[in-house]
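Undergrad: Below is input_3.txt; it holds compact mmCIF, C-alpha atoms.
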```txt
# COMPACT_ATOMS: atom_id res chain seq x y z
CA MET A 1 -37.36 2.73 16.34
CA ASN A 2 -33.99 2.59 14.57
CA ARG A 3 -31.57 0.00 15.89
CA SER A 4 -27.99 1.22 16.34
CA ILE A 5 -25.24 -1.22 15.34
CA SER A 6 -21.73 -0.88 16.73
CA ILE A 7 -18.99 -1.86 14.25
CA PRO A 8 -15.35 -2.20 15.41
CA ILE A 9 -12.87 0.08 13.66
CA ALA A 10 -9.19 0.76 14.32
CA LEU A 11 -6.47 3.06 13.04
CA ILE A 12 -3.20 1.22 12.51
CA ASP A 13 0.15 2.57 11.32
CA ALA A 14 1.73 0.10 8.90
CA PHE A 15 5.36 -0.41 7.87
CA THR A 16 6.59 1.06 11.13
CA SER A 17 7.04 0.08 14.78
CA LYS A 18 6.53 3.67 15.97
CA PRO A 19 3.15 5.41 16.31
CA PHE A 20 2.50 8.28 13.90
CA LYS A 21 5.02 6.98 11.36
CA GLY A 22 4.55 4.68 8.39
CA ASN A 23 1.17 4.63 6.64
CA PRO A 24 -2.10 4.77 8.61
CA ALA A 25 -5.00 2.57 7.57
CA ALA A 26 -8.48 2.34 9.02
CA ILE A 27 -9.55 -1.28 9.58
CA CYS A 28 -13.28 -2.04 9.78
CA LEU A 29 -14.44 -5.52 10.83
CA LEU A 30 -17.94 -6.31 9.54
CA GLN A 31 -20.30 -9.09 10.58
CA GLU A 32 -21.74 -9.22 7.07
CA GLU A 33 -21.14 -7.71 3.65
CA ARG A 34 -22.12 -4.08 3.17
CA ASP A 35 -22.77 -2.31 -0.13
CA ALA A 36 -19.99 -0.38 -1.83
CA GLU A 37 -21.73 2.98 -1.40
CA TRP A 38 -21.78 2.54 2.39
CA MET A 39 -18.12 1.46 2.48
CA GLN A 40 -17.14 4.43 0.33
CA SER A 41 -18.97 6.76 2.72
CA VAL A 42 -17.08 5.31 5.69
CA ALA A 43 -13.76 5.62 3.83
CA SER A 44 -14.54 9.23 2.99
CA GLU A 45 -15.35 9.90 6.65
CA MET A 46 -12.13 8.23 7.84
CA ASN A 47 -10.13 10.17 5.21
CA GLN A 48 -7.15 7.82 5.23
CA SER A 49 -5.26 6.77 2.11
CA GLU A 50 -7.09 3.44 2.53
CA THR A 51 -9.85 2.06 4.69
CA ALA A 52 -10.04 -1.75 4.70
CA PHE A 53 -13.25 -3.74 5.22
CA LEU A 54 -13.04 -7.32 6.48
CA VAL A 55 -15.74 -10.01 6.54
CA ARG A 56 -14.98 -13.46 7.95
CA ARG A 57 -15.81 -16.46 5.75
CA GLU A 58 -16.92 -19.89 6.94
CA ASP A 59 -13.47 -21.39 6.30
CA GLY A 60 -11.77 -18.81 8.57
CA SER A 61 -10.40 -16.68 5.74
CA TYR A 62 -11.59 -13.11 5.13
CA SER A 63 -13.02 -11.06 2.31
CA LEU A 64 -11.03 -7.84 2.06
CA ARG A 65 -11.82 -4.64 0.14
CA TRP A 66 -9.92 -1.35 0.12
CA PHE A 67 -11.29 2.16 -0.39
CA THR A 68 -9.53 5.51 -0.65
CA PRO A 69 -11.55 8.62 0.28
CA THR A 70 -12.91 8.64 -3.29
CA ILE A 71 -12.62 5.19 -4.98
CA GLU A 72 -12.23 1.43 -4.44
CA VAL A 73 -8.78 0.10 -5.40
CA ASP A 74 -7.61 -3.29 -6.69
CA LEU A 75 -4.52 -3.74 -4.53
CA CYS A 76 -3.22 -2.25 -1.27
CA GLY A 77 -0.27 -3.45 0.77
CA HIS A 78 -0.26 -1.33 3.91
CA ALA A 79 -3.98 -1.84 4.65
CA THR A 80 -3.53 -5.61 4.16
CA LEU A 81 -0.61 -5.63 6.59
CA ALA A 82 -2.69 -3.55 9.02
CA SER A 83 -5.64 -5.95 8.61
CA ALA A 84 -3.51 -8.96 9.52
CA HIS A 85 -2.09 -7.08 12.51
CA TYR A 86 -5.62 -6.25 13.67
CA LEU A 87 -6.85 -9.85 13.41
CA TRP A 88 -3.91 -11.26 15.39
CA GLU A 89 -3.81 -8.49 17.98
CA ASN A 90 -7.52 -8.75 18.77
CA GLY A 91 -7.69 -12.54 18.91
CA HIS A 92 -9.67 -13.12 15.73
CA LEU A 93 -6.82 -15.33 14.51
CA PRO A 94 -4.18 -17.14 16.59
CA SER A 95 -0.68 -15.79 15.94
CA SER A 96 0.36 -19.17 14.56
CA SER A 97 -2.33 -19.02 11.85
CA GLN A 98 -1.86 -17.54 8.40
CA ALA A 99 -4.17 -14.64 7.54
CA ARG A 100 -5.85 -15.32 4.18
CA PHE A 101 -7.61 -12.57 2.25
CA HIS A 102 -9.86 -12.84 -0.82
CA THR A 103 -9.49 -9.62 -2.80
CA LEU A 104 -9.90 -8.05 -6.24
CA SER A 105 -6.28 -9.14 -6.84
CA GLY A 106 -6.90 -12.76 -5.86
CA LEU A 107 -5.87 -14.59 -2.71
CA LEU A 108 -3.34 -12.69 -0.59
CA THR A 109 -1.76 -14.08 2.56
CA ALA A 110 0.09 -12.77 5.61
CA ASP A 111 2.31 -14.59 8.11
CA LEU A 112 4.18 -13.54 11.22
CA SER A 113 7.93 -13.60 10.55
CA VAL A 114 11.13 -12.45 12.21
CA GLU A 115 10.84 -9.18 10.27
CA GLY A 116 7.28 -8.62 11.49
CA ILE A 117 4.41 -9.41 9.15
CA MET A 118 5.18 -10.96 5.77
CA LEU A 119 2.73 -10.38 2.91
CA ASN A 120 2.64 -12.62 -0.16
CA PHE A 121 1.66 -10.41 -3.12
CA PRO A 122 1.72 -10.77 -6.91
CA ALA A 123 4.60 -9.21 -8.82
CA GLU A 124 3.40 -6.33 -11.00
CA PRO A 125 6.38 -5.57 -13.28
CA ALA A 126 6.28 -2.41 -15.35
CA ALA A 127 7.02 -2.44 -19.08
CA PRO A 128 8.84 0.49 -20.74
CA VAL A 129 6.53 3.14 -22.22
CA THR A 130 6.72 6.63 -23.61
CA ALA A 131 6.03 9.14 -20.87
CA PRO A 132 2.84 11.18 -21.38
CA GLU A 133 3.26 14.94 -21.33
CA GLU A 134 1.18 15.22 -18.15
CA LEU A 135 3.70 12.98 -16.37
CA ILE A 136 6.70 15.04 -17.47
CA GLN A 137 5.05 18.32 -16.57
CA GLY A 138 3.67 16.96 -13.32
CA LEU A 139 7.10 15.83 -12.12
CA GLY A 140 8.99 18.72 -13.69
CA LEU A 141 11.94 16.60 -14.84
CA ILE A 142 13.20 14.27 -17.57
CA PRO A 143 13.20 10.70 -16.16
CA ARG A 144 15.90 8.11 -16.68
CA TYR A 145 13.22 5.48 -17.21
CA VAL A 146 9.43 5.35 -17.48
CA GLY A 147 7.44 2.12 -17.25
CA LYS A 148 3.84 1.20 -16.62
CA ASN A 149 1.99 -1.81 -15.25
CA ARG A 150 -1.77 -2.35 -14.98
CA ILE A 151 -1.92 0.02 -12.01
CA ASP A 152 0.78 2.72 -11.97
CA TYR A 153 3.56 4.49 -13.82
CA LEU A 154 7.07 3.75 -12.55
CA VAL A 155 9.71 6.46 -12.98
CA GLU A 156 13.43 6.27 -12.21
CA VAL A 157 15.23 9.56 -11.58
CA ASP A 158 18.90 10.42 -11.23
CA SER A 159 19.42 10.39 -7.46
CA GLU A 160 17.99 9.87 -3.98
CA GLU A 161 18.16 13.63 -3.46
CA THR A 162 15.88 14.17 -6.46
CA VAL A 163 13.38 11.66 -5.03
CA ARG A 164 13.41 13.30 -1.61
CA THR A 165 13.15 16.92 -2.80
CA LEU A 166 10.64 16.40 -5.60
CA LYS A 167 7.66 18.81 -5.50
CA PRO A 168 5.13 17.50 -8.04
CA ASP A 169 2.30 19.42 -9.65
CA PHE A 170 -0.51 17.26 -8.27
CA ALA A 171 -3.18 18.81 -10.47
CA MET A 172 -1.16 17.79 -13.53
CA LEU A 173 -0.38 14.29 -12.18
CA ALA A 174 -4.10 13.77 -11.53
CA ARG A 175 -4.58 13.92 -15.31
CA VAL A 176 -2.25 10.95 -15.91
CA GLU A 177 -4.28 7.87 -16.90
CA ALA A 178 -3.23 5.51 -14.09
CA ARG A 179 -3.87 5.00 -10.41
CA GLY A 180 -0.70 6.96 -9.70
CA VAL A 181 3.00 7.59 -10.23
CA ILE A 182 5.89 5.91 -8.39
CA VAL A 183 9.23 7.76 -8.42
CA THR A 184 12.39 5.89 -7.44
CA SER A 185 16.18 5.92 -7.48
CA LYS A 186 19.05 3.83 -6.20
CA ALA A 187 19.88 4.78 -2.62
CA GLY A 188 22.83 7.11 -2.10
CA ASN A 189 26.33 5.90 -1.30
CA GLY A 190 26.65 4.58 2.23
CA SER A 191 22.90 4.08 2.67
CA GLU A 192 21.58 0.97 4.41
CA TYR A 193 18.81 0.85 1.78
CA ASP A 194 18.97 -0.55 -1.74
CA PHE A 195 16.56 1.97 -3.24
CA VAL A 196 14.21 4.76 -2.23
CA SER A 197 10.86 5.83 -3.60
CA ARG A 198 7.84 8.07 -3.25
CA ALA A 199 4.30 7.42 -4.55
CA PHE A 200 1.74 9.97 -5.73
CA TYR A 201 -1.99 9.25 -6.17
CA PRO A 202 -3.85 12.56 -6.62
CA ALA A 203 -6.45 10.94 -8.88
CA THR A 204 -7.57 8.75 -5.97
CA GLY A 205 -7.83 11.54 -3.40
CA CYS A 206 -4.33 10.97 -1.91
CA ASP A 207 -1.66 13.35 -3.23
CA GLU A 208 1.20 11.39 -1.64
CA ASP A 209 0.86 7.98 -0.01
CA PRO A 210 3.21 7.62 2.98
CA VAL A 211 4.24 3.97 2.45
CA THR A 212 2.84 1.91 -0.42
CA GLY A 213 3.13 -1.87 -0.32
CA SER A 214 1.54 -2.37 -3.75
CA ALA A 215 4.02 0.05 -5.36
CA HIS A 216 6.79 -2.32 -4.35
CA CYS A 217 5.18 -5.06 -6.44
CA ALA A 218 6.52 -2.99 -9.37
CA LEU A 219 9.64 -1.63 -7.66
CA ALA A 220 11.06 -5.01 -6.62
CA PRO A 221 11.07 -6.55 -10.15
CA TYR A 222 12.51 -3.32 -11.55
CA TRP A 223 15.41 -3.18 -9.09
CA GLN A 224 15.95 -6.92 -9.43
CA ARG A 225 16.97 -6.27 -13.04
CA ARG A 226 18.99 -3.15 -12.20
CA LEU A 227 20.82 -4.44 -9.12
CA ARG A 228 20.91 -8.16 -9.99
CA LYS A 229 19.62 -9.34 -6.61
CA ASP A 230 16.39 -10.78 -5.20
CA ASP A 231 16.28 -9.34 -1.67
CA PHE A 232 16.03 -5.67 -0.77
CA LEU A 233 15.68 -3.20 2.06
CA ALA A 234 13.65 -0.32 0.67
CA TYR A 235 12.70 3.08 2.06
CA GLN A 236 9.71 5.19 1.05
CA ALA A 237 10.83 8.76 1.60
CA SER A 238 7.53 10.47 2.44
CA ALA A 239 7.20 12.89 5.35
CA ARG A 240 6.14 9.99 7.63
CA GLY A 241 8.59 7.53 6.06
CA GLY A 242 8.62 3.74 6.19
CA GLU A 243 10.84 0.77 5.41
CA LEU A 244 10.05 -2.54 3.76
CA GLN A 245 11.90 -5.85 3.53
CA LEU A 246 11.36 -7.37 0.07
CA ALA A 247 12.08 -10.77 -1.44
CA ILE A 248 11.23 -11.98 -4.94
CA VAL A 249 10.15 -15.62 -5.16
CA GLY A 250 9.13 -16.52 -8.71
CA SER A 251 6.14 -14.39 -9.65
CA ARG A 252 5.44 -13.37 -6.04
CA ILE A 253 6.77 -10.56 -3.87
CA LEU A 254 7.22 -11.13 -0.14
CA ILE A 255 6.80 -7.78 1.60
CA SER A 256 7.66 -7.60 5.30
CA GLY A 257 7.04 -4.83 7.77
CA LYS A 258 5.69 -4.00 11.21
CA ALA A 259 2.53 -2.29 12.42
CA VAL A 260 1.27 -0.52 15.53
CA THR A 261 -2.30 0.26 16.62
CA VAL A 262 -2.89 3.92 17.50
CA LEU A 263 -6.68 3.98 17.93
CA ASN A 264 -9.51 1.53 18.65
CA GLY A 265 -13.17 2.46 18.47
CA HIS A 266 -16.61 1.70 17.04
CA LEU A 267 -18.78 3.04 14.26
CA SER A 268 -22.36 3.69 15.32
CA VAL A 269 -24.70 3.17 12.38
```
Could you write out this structure as C-alpha cells?

TA:
Amino acid sequence: MNRSISIPIALIDAFTSKPFKGNPAAICLLQEERDAEWMQSVASEMNQSETAFLVRREDGSYSLRWFTPTIEVDLCGHATLASAHYLWENGHLPSSSQARFHTLSGLLTADLSVEGIMLNFPAEPAAPVTAPEELIQGLGLIPRYVGKNRIDYLVEVDSEETVRTLKPDFAMLARVEARGVIVTSKAGNGSEYDFVSRAFYPATGCDEDPVTGSAHCALAPYWQRRLRKDDFLAYQASARGGELQLAIVGSRILISGKAVTVLNGHLSV
C-alpha cells in the first residue's frame, strides 16, 4: 500500500499588502530534502514565476531553493520575502527572530521592519556591455545604456512611458544569453518613485515577472551612480505592479516590502 504524505504549501503575494497584486510565489515547507526533479515537477504544476522549497536545519535556519516552471534559479527576492512571511505567519519562527536562508547565492536573511519585511541581499552591479542583436530586436528600441551582471541584462530607456508601454518580442528575448532582461528609467516628474522598471524572463518560462527582488540587486547600484543617493523607492510597472524600499549598505542591498497570503493548502504525494 502506498503511503500518502501531506506537504504544506501556500500561495503568497509579495511586495504588496493587497491580495492579487505584487508577485505570487508558492511556498512549500518540506520535512526533508527532496530531489531536484521532484521539486521541478511541483514548480511546473504550481506554474508561478517561482516556487520556493524550505527545509529546516538543526540550527533553526532553513535551506531554500527556487524553481520557475522550467528551471532552478540562483537568486529570487519575492519568493524569499514570501518564505519569511510564511514562517512568521505560521509560527515556525517567532516574529522577533531573523529568518536565515542558505541558498545558491549564499546566506540570505530577512527581518521584520517598519516597512514590512527587510531582505539582506548581495549587490549584483551590471558592467557596461555591447547589446546583442537579439536584445535590440527583442525590445524594439535603441537603449540609453546596456549592462550585464552574472544573471541579467540591464537596460535604461528614455522615459517611464517607454518602460510602461514596452511590448517586447518574447521569442527574440528568449534567445538572449542571460536569465533575463531588466528595463528601467528614471521616474517621471512629480512621481513618488525614484525609478521604474520591468523584468522579462522568457527563457525561464516567465515572459514578464510581476515584481523582481533580485533585479533590484542590479537596479539599486545602477541608480546609485545615476542619482547619487543610497536609498530609493522603486516601482515595478507590470500589470500587477509592486513597490520596493531599497537601501545600499556597502556590498549589500536591503530590500523591503510587504506580503499577504492568498491560499493555504497541502500537496498529497

Undergrad: Tell me, in Å to one decimal, how far CA of Ala82 in chain A is from CA of Leu104 in chain A.

TA: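 According to the coordinates, CA of Ala82 in chain A and CA of Leu104 in chain A are separated by 17.5 Å.
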
Undergrad: Let me have the centre and edge lengths in Å, one decimal, of the box along x, y and z around every listed atom of range 259-262 of chain A with 5 Å of margin on each side, as lines of an AutoDock Vina configuration file.

TA:
```
center_x = -0.2
center_y = 0.8
center_z = 15.0
size_x = 15.4
size_y = 16.2
size_z = 15.1
```

Undergrad: Please indicate the distance in Å from CA of Tyr201 in chain A to CA of Glu134 in chain A, rounded to one decimal place.

TA: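 These atoms are spaced 13.8 Å apart.
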
Undergrad: For a quick check of understanding, using all atoms listed in the file, which of A:Thr68, A:Ser17, A:Ser63, A:Thr103 has the smallest distance to Val42 in chain A?

TA: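 Closest residue, counting all atoms listed in the file: A:Thr68.
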